[in-house]
There are 2 protein chains.
Amino acid sequence: MTDTIEGALAQIKFGPDGLVAAVAQQFDSGEVLMVAWMDREAVRLTLAEGRVCYWSRSRRALWRKGEISGQIQRLREMRLDCDGDTVLLLVDQTGVACHTGRRSCFFRGWDSEGAGWTTIAEPEVPPEQLYPSEKNPN
Amino acid sequence: MTDTIEGALAQIKFGPDGLVAAVAQQFDSGEVLMVAWMDREAVRLTLAEGRVCYWSRSRRALWRKGEISGQIQRLREMRLDCDGDTVLLLVDQTGVACHTGRRSCFFRGWDSEGAGWTTIAEPEVPPEQLYPSEKNPN
């Protein structure tokens, strides 16, 4: 298993900052939940544990999605694109993916009729319930 | 319309390189087709024309998806994430999104049983048919 993971890592083209973009998609509904970043260790942990771990650029630390909020992502499948510089994570999202309490981080839609960005989804969980005492939600 | 687009642009957080990540998803099937990059002008043109335009990092030029191959993407909806640093493009993809002739660029799946990255989709169109005389496909 470990050898296989090291082999998988070798085919991912991490950027100059050591990161690769990761798109998380709910495996059954097809909903795009969020886009975040992974370093080598995050990919390694995600494949080994079957639970999604990212690299938080703001906190400069590994970020096991849901470690505080409980809104974890179980990995169903990992895919790699033709350039090898983006991964697609098919996940089973517990609860909500967005720190605002919304299911998806993409909750603003552009209204071509003139209203600009409009909110197209409301929070399903109050953010303060997800992060009772945290300044850096995840 | 132009004022609205300028307003939309103001809420997108372009990175230090002037780019924002863009995920293209087929609007009806939910298939994630590709991830690429957009600069301000690419977003502006995409919203104004209703046809997706990216910024090619390798060619350092605007890249109207399908300009050579004919495999264009019509924009159905643009969404913005909570951080404002990634856009989700709901598109209607003509033909195939990937320069390899496959529908999606994410045609490699990780096999946890030990086979590593395995090809999970075959080309639907021969690449040489998409780009008869090009070195830089799109």
# chains A, B, ... in the order shown; residues from 1 in each chain; ligands from 1
$ closest_atom_pairs --of "range 18-129 of chain A" --to "range 62-86 of chain B" --cutoff "10 Å" --atoms "only C-alpha atoms" --output "tab-separated table"
residue	atom	partner	partner_atom	distance
A:Leu33	CA	B:Asp81	CA	9.4
A:Met34	CA	B:Asp81	CA	7.5
A:Val35	CA	B:Thr86	CA	7.2
A:Ala36	CA	B:Thr86	CA	9.3
A:Cys98	CA	B:Cys82	CA	7.6
A:His99	CA	B:Cys82	CA	8.4
A:Thr100	CA	B:Cys82	CA	7.9
A:Arg102	CA	B:Cys82	CA	9.7
A:Ser104	CA	B:Asp81	CA	8.2
A:Cys105	CA	B:Asp81	CA	4.9
A:Phe106	CA	B:Asp81	CA	4.1
A:Phe107	CA	B:Asp81	CA	6.4
A:Arg108	CA	B:Leu80	CA	5.2
A:Gly109	CA	B:Arg79	CA	4.3
A:Trp110	CA	B:Met78	CA	5.5
A:Asp111	CA	B:Glu77	CA	8.3
A:Ser112	CA	B:Glu77	CA	8.8
A:Trp117	CA	B:Leu80	CA	7.9
A:Thr118	CA	B:Arg79	CA	9.2
A:Thr119	CA	B:Arg79	CA	9.6
A:Ile120	CA	B:Arg79	CA	9.3
$ residues_around --residues "Arg57 in chain B" --least-positions-apart "2" --cutoff "10 Å" --atoms "only C-alpha atoms" --output "PyMOL selection string"
chain B and resi 19+36-38+54-55+59-63
$ residues_around --residues "Ala24 in chain A" --least-positions-apart "2" --cutoff "8 Å" --atoms "only C-alpha atoms" --output "number ranges by chain"
A: 22, 26, 32-35, 88-91
$ write_last_selection --atoms "all heavy atoms" --output "mmCIF file, in the first residue's frame"
data_model
loop_
_atom_site.group_PDB
_atom_site.id
_atom_site.type_symbol
_atom_site.label_atom_id
_atom_site.label_comp_id
_atom_site.auth_asym_id
_atom_site.auth_seq_id
_atom_site.Cartn_x
_atom_site.Cartn_y
_atom_site.Cartn_z
ATOM 1 N N ALA A 22 -7.053 20.739 -5.489
ATOM 2 C CA ALA A 22 -7.936 19.596 -5.270
ATOM 3 C C ALA A 22 -9.395 20.042 -5.306
ATOM 4 O O ALA A 22 -9.790 20.940 -4.562
ATOM 5 C CB ALA A 22 -7.626 18.936 -3.928
ATOM 6 N N GLN A 26 -19.133 15.733 -4.335
ATOM 7 C CA GLN A 26 -19.943 14.698 -3.692
ATOM 8 C C GLN A 26 -20.128 13.544 -4.682
ATOM 9 O O GLN A 26 -20.599 13.757 -5.800
ATOM 10 C CB GLN A 26 -21.292 15.265 -3.258
ATOM 11 C CG GLN A 26 -22.271 14.250 -2.690
ATOM 12 C CD GLN A 26 -21.826 13.608 -1.374
ATOM 13 O OE1 GLN A 26 -21.094 14.207 -0.595
ATOM 14 N NE2 GLN A 26 -22.269 12.380 -1.146
ATOM 15 N N VAL A 32 -20.263 19.999 -6.797
ATOM 16 C CA VAL A 32 -18.913 20.452 -6.477
ATOM 17 C C VAL A 32 -18.981 21.187 -5.139
ATOM 18 O O VAL A 32 -19.683 22.188 -5.010
ATOM 19 C CB VAL A 32 -18.333 21.358 -7.578
ATOM 20 C CG1 VAL A 32 -16.987 21.933 -7.148
ATOM 21 C CG2 VAL A 32 -18.167 20.571 -8.876
ATOM 22 N N LEU A 33 -18.258 20.677 -4.158
ATOM 23 C CA LEU A 33 -18.361 21.182 -2.792
ATOM 24 C C LEU A 33 -17.372 22.301 -2.493
ATOM 25 O O LEU A 33 -17.718 23.289 -1.862
ATOM 26 C CB LEU A 33 -18.134 20.034 -1.801
ATOM 27 C CG LEU A 33 -19.108 18.859 -1.916
ATOM 28 C CD1 LEU A 33 -18.615 17.679 -1.093
ATOM 29 C CD2 LEU A 33 -20.508 19.280 -1.473
ATOM 30 N N MET A 34 -16.121 22.131 -2.935
ATOM 31 C CA MET A 34 -15.078 23.094 -2.590
ATOM 32 C C MET A 34 -13.835 22.818 -3.417
ATOM 33 O O MET A 34 -13.702 21.762 -4.028
ATOM 34 C CB MET A 34 -14.728 22.981 -1.100
ATOM 35 C CG MET A 34 -14.256 21.596 -0.701
ATOM 36 S SD MET A 34 -13.903 21.419 1.073
ATOM 37 C CE MET A 34 -12.323 22.249 1.214
ATOM 38 N N VAL A 35 -12.942 23.793 -3.425
ATOM 39 C CA VAL A 35 -11.623 23.616 -4.007
ATOM 40 C C VAL A 35 -10.610 24.031 -2.948
ATOM 41 O O VAL A 35 -10.759 25.092 -2.328
ATOM 42 C CB VAL A 35 -11.438 24.468 -5.283
ATOM 43 C CG1 VAL A 35 -9.984 24.426 -5.762
ATOM 44 C CG2 VAL A 35 -12.368 23.974 -6.385
ATOM 45 N N LEU A 88 -9.057 15.351 -8.470
ATOM 46 C CA LEU A 88 -10.493 15.401 -8.219
ATOM 47 C C LEU A 88 -10.794 14.369 -7.149
ATOM 48 O O LEU A 88 -10.456 13.192 -7.297
ATOM 49 C CB LEU A 88 -11.250 15.071 -9.515
ATOM 50 C CG LEU A 88 -12.773 14.949 -9.419
ATOM 51 C CD1 LEU A 88 -13.422 16.260 -8.991
ATOM 52 C CD2 LEU A 88 -13.361 14.505 -10.772
ATOM 53 N N LEU A 89 -11.378 14.828 -6.057
ATOM 54 C CA LEU A 89 -11.706 13.947 -4.946
ATOM 55 C C LEU A 89 -13.196 13.659 -4.958
ATOM 56 O O LEU A 89 -14.004 14.579 -4.792
ATOM 57 C CB LEU A 89 -11.338 14.610 -3.611
ATOM 58 C CG LEU A 89 -9.927 15.181 -3.494
ATOM 59 C CD1 LEU A 89 -9.792 16.012 -2.213
ATOM 60 C CD2 LEU A 89 -8.901 14.068 -3.505
ATOM 61 N N LEU A 90 -13.557 12.422 -5.199
ATOM 62 C CA LEU A 90 -14.963 12.043 -5.076
ATOM 63 C C LEU A 90 -15.144 11.632 -3.627
ATOM 64 O O LEU A 90 -14.501 10.688 -3.153
ATOM 65 C CB LEU A 90 -15.298 10.903 -6.033
ATOM 66 C CG LEU A 90 -15.090 11.257 -7.515
ATOM 67 C CD1 LEU A 90 -15.433 10.080 -8.417
ATOM 68 C CD2 LEU A 90 -15.942 12.461 -7.892
ATOM 69 N N VAL A 91 -15.971 12.392 -2.923
ATOM 70 C CA VAL A 91 -16.071 12.223 -1.476
ATOM 71 C C VAL A 91 -17.506 11.997 -1.028
ATOM 72 O O VAL A 91 -18.464 12.254 -1.772
ATOM 73 C CB VAL A 91 -15.526 13.472 -0.732
ATOM 74 C CG1 VAL A 91 -14.099 13.785 -1.164
ATOM 75 C CG2 VAL A 91 -16.434 14.690 -0.954
#
$ select_by_dssp --residues "chain A" --states "alpha helix (DSSP H)" --output "PyMOL selection string"
chain A and resi 2-10+40-49+127-130
$ write_last_selection --atoms "N, CA, C and O atoms" --output "PDB file, in the first residue's frame"
ATOM      1  N   THR A   2       1.873   1.305   0.885  1.00  0.00           N
ATOM      2  CA  THR A   2       2.730   2.479   0.967  1.00  0.00           C
ATOM      3  C   THR A   2       3.492   2.694  -0.335  1.00  0.00           C
ATOM      4  O   THR A   2       3.591   3.809  -0.830  1.00  0.00           O
ATOM      5  N   ASP A   3       4.008   1.600  -0.915  1.00  0.00           N
ATOM      6  CA  ASP A   3       4.722   1.709  -2.176  1.00  0.00           C
ATOM      7  C   ASP A   3       3.814   2.261  -3.259  1.00  0.00           C
ATOM      8  O   ASP A   3       4.220   3.083  -4.071  1.00  0.00           O
ATOM      9  N   THR A   4       2.572   1.776  -3.267  1.00  0.00           N
ATOM     10  CA  THR A   4       1.622   2.251  -4.270  1.00  0.00           C
ATOM     11  C   THR A   4       1.376   3.742  -4.098  1.00  0.00           C
ATOM     12  O   THR A   4       1.317   4.491  -5.070  1.00  0.00           O
ATOM     13  N   ILE A   5       1.239   4.185  -2.866  1.00  0.00           N
ATOM     14  CA  ILE A   5       0.999   5.603  -2.611  1.00  0.00           C
ATOM     15  C   ILE A   5       2.195   6.434  -3.060  1.00  0.00           C
ATOM     16  O   ILE A   5       2.031   7.477  -3.704  1.00  0.00           O
ATOM     17  N   GLU A   6       3.395   5.962  -2.793  1.00  0.00           N
ATOM     18  CA  GLU A   6       4.575   6.712  -3.231  1.00  0.00           C
ATOM     19  C   GLU A   6       4.601   6.793  -4.756  1.00  0.00           C
ATOM     20  O   GLU A   6       4.977   7.805  -5.332  1.00  0.00           O
ATOM     21  N   GLY A   7       4.185   5.713  -5.403  1.00  0.00           N
ATOM     22  CA  GLY A   7       4.117   5.709  -6.865  1.00  0.00           C
ATOM     23  C   GLY A   7       3.083   6.700  -7.378  1.00  0.00           C
ATOM     24  O   GLY A   7       3.303   7.396  -8.370  1.00  0.00           O
ATOM     25  N   ALA A   8       1.959   6.767  -6.686  1.00  0.00           N
ATOM     26  CA  ALA A   8       0.899   7.707  -7.070  1.00  0.00           C
ATOM     27  C   ALA A   8       1.400   9.143  -6.921  1.00  0.00           C
ATOM     28  O   ALA A   8       1.167   9.995  -7.789  1.00  0.00           O
ATOM     29  N   LEU A   9       2.120   9.402  -5.847  1.00  0.00           N
ATOM     30  CA  LEU A   9       2.636  10.754  -5.590  1.00  0.00           C
ATOM     31  C   LEU A   9       3.614  11.181  -6.679  1.00  0.00           C
ATOM     32  O   LEU A   9       3.666  12.351  -7.059  1.00  0.00           O
ATOM     33  N   ALA A  10       4.374  10.228  -7.185  1.00  0.00           N
ATOM     34  CA  ALA A  10       5.394  10.549  -8.181  1.00  0.00           C
ATOM     35  C   ALA A  10       4.778  11.072  -9.476  1.00  0.00           C
ATOM     36  O   ALA A  10       5.440  11.780 -10.239  1.00  0.00           O
ATOM     37  N   ARG A  40       2.249  16.992  -0.531  1.00  0.00           N
ATOM     38  CA  ARG A  40       2.489  15.548  -0.653  1.00  0.00           C
ATOM     39  C   ARG A  40       1.945  14.790   0.556  1.00  0.00           C
ATOM     40  O   ARG A  40       1.331  13.737   0.415  1.00  0.00           O
ATOM     41  N   GLU A  41       2.164  15.333   1.728  1.00  0.00           N
ATOM     42  CA  GLU A  41       1.733  14.631   2.931  1.00  0.00           C
ATOM     43  C   GLU A  41       0.207  14.567   3.011  1.00  0.00           C
ATOM     44  O   GLU A  41      -0.352  13.552   3.462  1.00  0.00           O
ATOM     45  N   ALA A  42      -0.452  15.607   2.561  1.00  0.00           N
ATOM     46  CA  ALA A  42      -1.924  15.599   2.568  1.00  0.00           C
ATOM     47  C   ALA A  42      -2.458  14.516   1.630  1.00  0.00           C
ATOM     48  O   ALA A  42      -3.416  13.811   1.968  1.00  0.00           O
ATOM     49  N   VAL A  43      -1.845  14.383   0.461  1.00  0.00           N
ATOM     50  CA  VAL A  43      -2.273  13.327  -0.468  1.00  0.00           C
ATOM     51  C   VAL A  43      -2.000  11.957   0.154  1.00  0.00           C
ATOM     52  O   VAL A  43      -2.852  11.057   0.128  1.00  0.00           O
ATOM     53  N   ARG A  44      -0.816  11.827   0.737  1.00  0.00           N
ATOM     54  CA  ARG A  44      -0.424  10.562   1.361  1.00  0.00           C
ATOM     55  C   ARG A  44      -1.416  10.164   2.452  1.00  0.00           C
ATOM     56  O   ARG A  44      -1.922   9.043   2.481  1.00  0.00           O
ATOM     57  N   LEU A  45      -1.729  11.100   3.324  1.00  0.00           N
ATOM     58  CA  LEU A  45      -2.655  10.814   4.427  1.00  0.00           C
ATOM     59  C   LEU A  45      -4.058  10.500   3.919  1.00  0.00           C
ATOM     60  O   LEU A  45      -4.733   9.611   4.421  1.00  0.00           O
ATOM     61  N   THR A  46      -4.481  11.248   2.910  1.00  0.00           N
ATOM     62  CA  THR A  46      -5.825  11.046   2.364  1.00  0.00           C
ATOM     63  C   THR A  46      -5.970   9.639   1.780  1.00  0.00           C
ATOM     64  O   THR A  46      -6.965   8.950   2.028  1.00  0.00           O
ATOM     65  N   LEU A  47      -4.949   9.214   1.039  1.00  0.00           N
ATOM     66  CA  LEU A  47      -5.006   7.876   0.444  1.00  0.00           C
ATOM     67  C   LEU A  47      -4.872   6.796   1.520  1.00  0.00           C
ATOM     68  O   LEU A  47      -5.542   5.759   1.457  1.00  0.00           O
ATOM     69  N   ALA A  48      -4.022   7.036   2.497  1.00  0.00           N
ATOM     70  CA  ALA A  48      -3.785   6.012   3.521  1.00  0.00           C
ATOM     71  C   ALA A  48      -4.973   5.864   4.468  1.00  0.00           C
ATOM     72  O   ALA A  48      -5.318   4.756   4.880  1.00  0.00           O
ATOM     73  N   GLU A  49      -5.606   6.995   4.804  1.00  0.00           N
ATOM     74  CA  GLU A  49      -6.665   6.978   5.814  1.00  0.00           C
ATOM     75  C   GLU A  49      -8.071   6.926   5.224  1.00  0.00           C
ATOM     76  O   GLU A  49      -9.032   6.640   5.932  1.00  0.00           O
ATOM     77  N   PRO A 127     -22.932  28.698  11.516  1.00  0.00           N
ATOM     78  CA  PRO A 127     -21.479  28.582  11.622  1.00  0.00           C
ATOM     79  C   PRO A 127     -20.997  28.499  13.066  1.00  0.00           C
ATOM     80  O   PRO A 127     -20.055  27.770  13.372  1.00  0.00           O
ATOM     81  N   GLU A 128     -21.662  29.220  13.962  1.00  0.00           N
ATOM     82  CA  GLU A 128     -21.220  29.220  15.365  1.00  0.00           C
ATOM     83  C   GLU A 128     -21.441  27.856  16.018  1.00  0.00           C
ATOM     84  O   GLU A 128     -20.815  27.545  17.038  1.00  0.00           O
ATOM     85  N   GLN A 129     -22.309  27.072  15.402  1.00  0.00           N
ATOM     86  CA  GLN A 129     -22.495  25.713  15.906  1.00  0.00           C
ATOM     87  C   GLN A 129     -21.359  24.800  15.422  1.00  0.00           C
ATOM     88  O   GLN A 129     -20.956  23.865  16.113  1.00  0.00           O
ATOM     89  N   LEU A 130     -20.829  25.126  14.244  1.00  0.00           N
ATOM     90  CA  LEU A 130     -19.731  24.332  13.691  1.00  0.00           C
ATOM     91  C   LEU A 130     -18.421  24.621  14.405  1.00  0.00           C
ATOM     92  O   LEU A 130     -17.593  23.742  14.595  1.00  0.00           O
TER      93      LEU A 130
END
$ closest_residue --among "A:Val125, A:Val52, A:Val20, A:Val87" --to "chain B" --atoms "only C-alpha atoms"
A:Val87
$ select_by_dssp --residues "range 2-136 of chain B" --states "strand (DSSP E)" --output "PyMOL selection string"
chain B and resi 20-26+32-38+53-56+61-64+73-80+86-93+108-111+116-119
$ atom_distance --atom1 "CA of Val96 in chain B" --atom2 "CA of Ile12 in chain B"
28.0 Å
$ decode --residues "range 78-94 of chain B" --atoms "N, CA and C atoms" --output "PDB file, in the first residue's frame"
ATOM      1  N   MET B  78     -22.041  31.018 -13.851  1.00  0.00           N
ATOM      2  CA  MET B  78     -20.765  31.137 -13.161  1.00  0.00           C
ATOM      3  C   MET B  78     -21.042  31.299 -11.678  1.00  0.00           C
ATOM      4  N   ARG B  79     -20.293  30.542 -10.869  1.00  0.00           N
ATOM      5  CA  ARG B  79     -20.437  30.634  -9.422  1.00  0.00           C
ATOM      6  C   ARG B  79     -19.097  30.993  -8.793  1.00  0.00           C
ATOM      7  N   LEU B  80     -19.170  31.601  -7.618  1.00  0.00           N
ATOM      8  CA  LEU B  80     -17.971  32.056  -6.918  1.00  0.00           C
ATOM      9  C   LEU B  80     -17.966  31.443  -5.522  1.00  0.00           C
ATOM     10  N   ASP B  81     -16.793  31.015  -5.060  1.00  0.00           N
ATOM     11  CA  ASP B  81     -16.769  30.351  -3.746  1.00  0.00           C
ATOM     12  C   ASP B  81     -16.654  31.357  -2.597  1.00  0.00           C
ATOM     13  N   CYS B  82     -16.714  30.830  -1.393  1.00  0.00           N
ATOM     14  CA  CYS B  82     -16.769  31.674  -0.194  1.00  0.00           C
ATOM     15  C   CYS B  82     -15.545  32.577  -0.051  1.00  0.00           C
ATOM     16  N   ASP B  83     -14.395  32.082  -0.484  1.00  0.00           N
ATOM     17  CA  ASP B  83     -13.169  32.884  -0.394  1.00  0.00           C
ATOM     18  C   ASP B  83     -13.018  33.837  -1.575  1.00  0.00           C
ATOM     19  N   GLY B  84     -13.807  33.619  -2.599  1.00  0.00           N
ATOM     20  CA  GLY B  84     -13.718  34.470  -3.784  1.00  0.00           C
ATOM     21  C   GLY B  84     -12.508  34.176  -4.662  1.00  0.00           C
ATOM     22  N   ASP B  85     -11.838  33.034  -4.389  1.00  0.00           N
ATOM     23  CA  ASP B  85     -10.629  32.760  -5.169  1.00  0.00           C
ATOM     24  C   ASP B  85     -10.743  31.571  -6.110  1.00  0.00           C
ATOM     25  N   THR B  86     -11.948  31.063  -6.283  1.00  0.00           N
ATOM     26  CA  THR B  86     -12.182  29.998  -7.261  1.00  0.00           C
ATOM     27  C   THR B  86     -13.557  30.202  -7.883  1.00  0.00           C
ATOM     28  N   VAL B  87     -13.638  30.012  -9.197  1.00  0.00           N
ATOM     29  CA  VAL B  87     -14.941  30.073  -9.849  1.00  0.00           C
ATOM     30  C   VAL B  87     -15.323  28.689 -10.360  1.00  0.00           C
ATOM     31  N   LEU B  88     -16.611  28.457 -10.342  1.00  0.00           N
ATOM     32  CA  LEU B  88     -17.167  27.217 -10.883  1.00  0.00           C
ATOM     33  C   LEU B  88     -17.956  27.593 -12.130  1.00  0.00           C
ATOM     34  N   LEU B  89     -17.579  26.997 -13.250  1.00  0.00           N
ATOM     35  CA  LEU B  89     -18.259  27.291 -14.514  1.00  0.00           C
ATOM     36  C   LEU B  89     -19.177  26.130 -14.853  1.00  0.00           C
ATOM     37  N   LEU B  90     -20.472  26.382 -14.869  1.00  0.00           N
ATOM     38  CA  LEU B  90     -21.401  25.361 -15.328  1.00  0.00           C
ATOM     39  C   LEU B  90     -21.520  25.579 -16.830  1.00  0.00           C
ATOM     40  N   VAL B  91     -21.081  24.600 -17.582  1.00  0.00           N
ATOM     41  CA  VAL B  91     -20.957  24.779 -19.030  1.00  0.00           C
ATOM     42  C   VAL B  91     -21.709  23.702 -19.799  1.00  0.00           C
ATOM     43  N   ASP B  92     -21.906  23.996 -21.078  1.00  0.00           N
ATOM     44  CA  ASP B  92     -22.375  22.964 -21.991  1.00  0.00           C
ATOM     45  C   ASP B  92     -21.203  22.703 -22.934  1.00  0.00           C
ATOM     46  N   GLN B  93     -20.555  21.578 -22.719  1.00  0.00           N
ATOM     47  CA  GLN B  93     -19.350  21.240 -23.467  1.00  0.00           C
ATOM     48  C   GLN B  93     -19.701  20.611 -24.815  1.00  0.00           C
ATOM     49  N   THR B  94     -19.201  21.216 -25.882  1.00  0.00           N
ATOM     50  CA  THR B  94     -19.312  20.585 -27.193  1.00  0.00           C
ATOM     51  C   THR B  94     -18.242  19.510 -27.286  1.00  0.00           C
TER      52      THR B  94
END
